[in-house]
Amino acid sequence: MLIRIMELTATQFISDSPLLLPAGEVQLWPVSIQDFACGSKELAMLLSAEETGRMKQFRFPQDRLRFLVAHGLLRRMIGQYLNIASGRILLESGSKGKPELYGKHGQELFAFNISHSHNLVVLAFARAHKLGVDVEHIRCMPDFPEIVACFFHPQEKAAFQRHPYGARQQAFFDCWTCKEAFVKATGEGLNRSLDSFCITSNSENNNTRLNVTGEGISTASWNIAPFRPAPGYAGAVAFEV
Ligand SMILES: CC(C)(COP(=O)(O)OP(=O)(O)OC[C@H]1O[C@@H](n2cnc3c(N)ncnc32)[C@H](O)[C@@H]1OP(=O)(O)O)[C@@H](O)C(=O)NCCC(=O)NCCS
């Protein structure tokens with residue numbers, strides 16, 4: 001599968017032209033939430049009543065805007081990919097929270113997932129069975145050594161310790177986003193213990209694709225691909241081929 005980082009232009013946002021999703025491509029759309037603040041009225045009209053209710057529960061305007069951009073664009077883009085009116089898109093969350101399409105369009109080979117962090121939202125789409133994306137704002141986290149100790153697999157811990165101190169913050173977010181992308185692709189989310197599987201590098205492909213190993217995981221079926229969504233952010237996408 002080819003990973004394509006897409007750019008959502010203002011013209012594309014206001015047009016209703018279809019989006020093409022060829023088999024064999026994962027399309028990733030990183031969007032800065034500020035760029036869509038002026039389109040918030042249009043986006044708000046696309047949300048379901050349940051989503052509007054969730055958005056209103058956020059106390060801070062920035063959090064409301066992030067939610068609105070993520071969920072409004074998701075509905076709009078699903079509509080453009082599948083050629084359906086946004087209002088007819090039926091989404092439901094599985095028992096572990098993963099949103100999926102249901103009804104007629106739920107039968108198509110079409111997967112999506114979203115992630116948001118700080119000022120960035122990433123929307124991912126592919127003609128795959130399973131897809132998960134994660135993005136993290138790279139920030140100072142004094143407790144990341146403890147997080148590594150608690151949540152990384154022993155092999156990941158050893159790889160992390162091999163990084164010089166100055167490179168550990170980046171190394172932490174790189175590994176973390178890969179792990180989250182994988183549990184989001186399976187739909188288990190944090191119900192799966194993060195040290196129960198291991199993200200390993202694959203020197204054959206220059207680390208553009210990583211492997212995932214662990215009990216019950218068919219390593220050959222999975223692809224984990226790190227990507228740079230925007231300066232100051234780490235991202236990864238996981239998909240089952
Ligand atoms: C999914 C999860 C890993 C998200 O991690 P995160 O880094 O905090 O958040 P991200 O921004 O990357 O992703 C959030 C989005 O992923 C999607 N999502 C939610 N649960 C998901 C799951 N189990 N698998 C895949 N995607 C999921 C949603 O679209 C969500 O957006 P929203 O919060 O605006 O509705 C984490 O929240 C989790 O494990 N949740 C499970 C909670 C649970 O078990 N809920 C029970 C039923 S509701």
# chains A, B, ... in the order shown; residues from 1 in each chain; ligands from 1
call {"tool": "closest_atom_pairs", "arguments": {"of": "chain A", "to": "ligand 1", "cutoff": "9 Å", "atoms": "only C-alpha atoms and all ligand atoms", "output": "tab-separated table"}}
result
residue	atom	partner	partner_atom_place_in_ligand_line	distance
A:Glu51	CA	ligand 1	35 (O)	8.4
A:Arg54	CA	ligand 1	35 (O)	8.7
A:Met55	CA	ligand 1	34 (O)	8.8
A:Arg66	CA	ligand 1	34 (O)	8.3
A:Phe67	CA	ligand 1	34 (O)	5.6
A:Leu68	CA	ligand 1	34 (O)	8.6
A:Ala70	CA	ligand 1	34 (O)	6.8
A:His71	CA	ligand 1	34 (O)	6.8
A:Ser93	CA	ligand 1	48 (S)	7.3
A:Gly94	CA	ligand 1	47 (C)	7.1
A:Ser95	CA	ligand 1	47 (C)	5.2
A:Lys96	CA	ligand 1	47 (C)	4.1
A:Gly97	CA	ligand 1	20 (N)	3.7
A:Lys98	CA	ligand 1	21 (C)	3.6
A:Pro99	CA	ligand 1	29 (O)	5.7
A:Glu100	CA	ligand 1	26 (N)	9.0
A:Asn113	CA	ligand 1	26 (N)	6.1
A:Ile114	CA	ligand 1	29 (O)	5.2
A:Ser115	CA	ligand 1	11 (O)	3.6
A:His116	CA	ligand 1	11 (O)	3.9
A:Ser117	CA	ligand 1	11 (O)	6.0
A:Val121	CA	ligand 1	11 (O)	7.8
A:Val122	CA	ligand 1	11 (O)	8.6
A:Leu131	CA	ligand 1	25 (C)	8.3
A:Gly132	CA	ligand 1	25 (C)	6.2
A:Val133	CA	ligand 1	12 (O)	6.7
A:Asp134	CA	ligand 1	12 (O)	4.6
A:Val135	CA	ligand 1	12 (O)	6.0
A:Glu136	CA	ligand 1	7 (O)	7.3
A:Thr177	CA	ligand 1	7 (O)	8.1
A:Glu180	CA	ligand 1	3 (C)	5.7
A:Ala181	CA	ligand 1	12 (O)	7.6
A:Phe182	CA	ligand 1	25 (C)	8.8
A:Val183	CA	ligand 1	24 (N)	6.5
A:Lys184	CA	ligand 1	25 (C)	3.5
A:Ala185	CA	ligand 1	25 (C)	5.8
A:Thr186	CA	ligand 1	24 (N)	6.7
A:Gly187	CA	ligand 1	24 (N)	3.6
A:Glu188	CA	ligand 1	23 (N)	4.8
A:Gly189	CA	ligand 1	39 (O)	3.3
A:Leu190	CA	ligand 1	39 (O)	3.4
A:Asn191	CA	ligand 1	44 (O)	5.8
A:Arg192	CA	ligand 1	39 (O)	8.0
call {"tool": "residues_around", "arguments": {"residues": "Thr213 of chain A", "least_positions_apart": "2", "cutoff": "12 Å", "atoms": "only C-alpha atoms", "output": "VMD selection string"}}
result
chain A and resid 153 155 to 156 179 182 194 to 202 210 to 211 215 to 224
call {"tool": "select_by_dssp", "arguments": {"residues": "segment 55-134 of chain A", "states": "alpha helix (DSSP H)", "output": "list in words"}}
result
Met55, Lys56, Pro61, Gln62, Asp63, Arg64, Leu65, Arg66, Phe67, Leu68, Val69, Ala70, His71, Gly72, Leu73, Leu74, Arg75, Arg76, Met77, Ile78, Gly79, Gln80, Tyr81 and Leu82 of chain A
call {"tool": "atom_distance", "arguments": {"atom1": "atom CA of Tyr165 of chain A", "atom2": "atom CA of Pro142 of chain A"}}
result
12.6 Å
call {"tool": "select_by_dssp", "arguments": {"residues": "segment 26-221 of chain A", "states": "strand (DSSP E)", "output": "MDAnalysis selection string"}}
result
chainID A and resid 26:32 91:93 99:101 111:117 120:126 130:137 197:200 211:214
call {"tool": "residues_around", "arguments": {"residues": "Asp174 of chain A", "least_positions_apart": "6", "cutoff": "9 Å", "atoms": "only C-alpha atoms", "output": "list in words"}}
result
Glu136, Pro226, Phe227, Ala234, Gly235 and Ala236 of chain A
call {"tool": "closest_residue", "arguments": {"among": "A:Leu90, A:Ile147, A:Leu47, A:Ala10", "to": "Ser32 of chain A", "atoms": "only C-alpha atoms"}}
result
A:Ala10
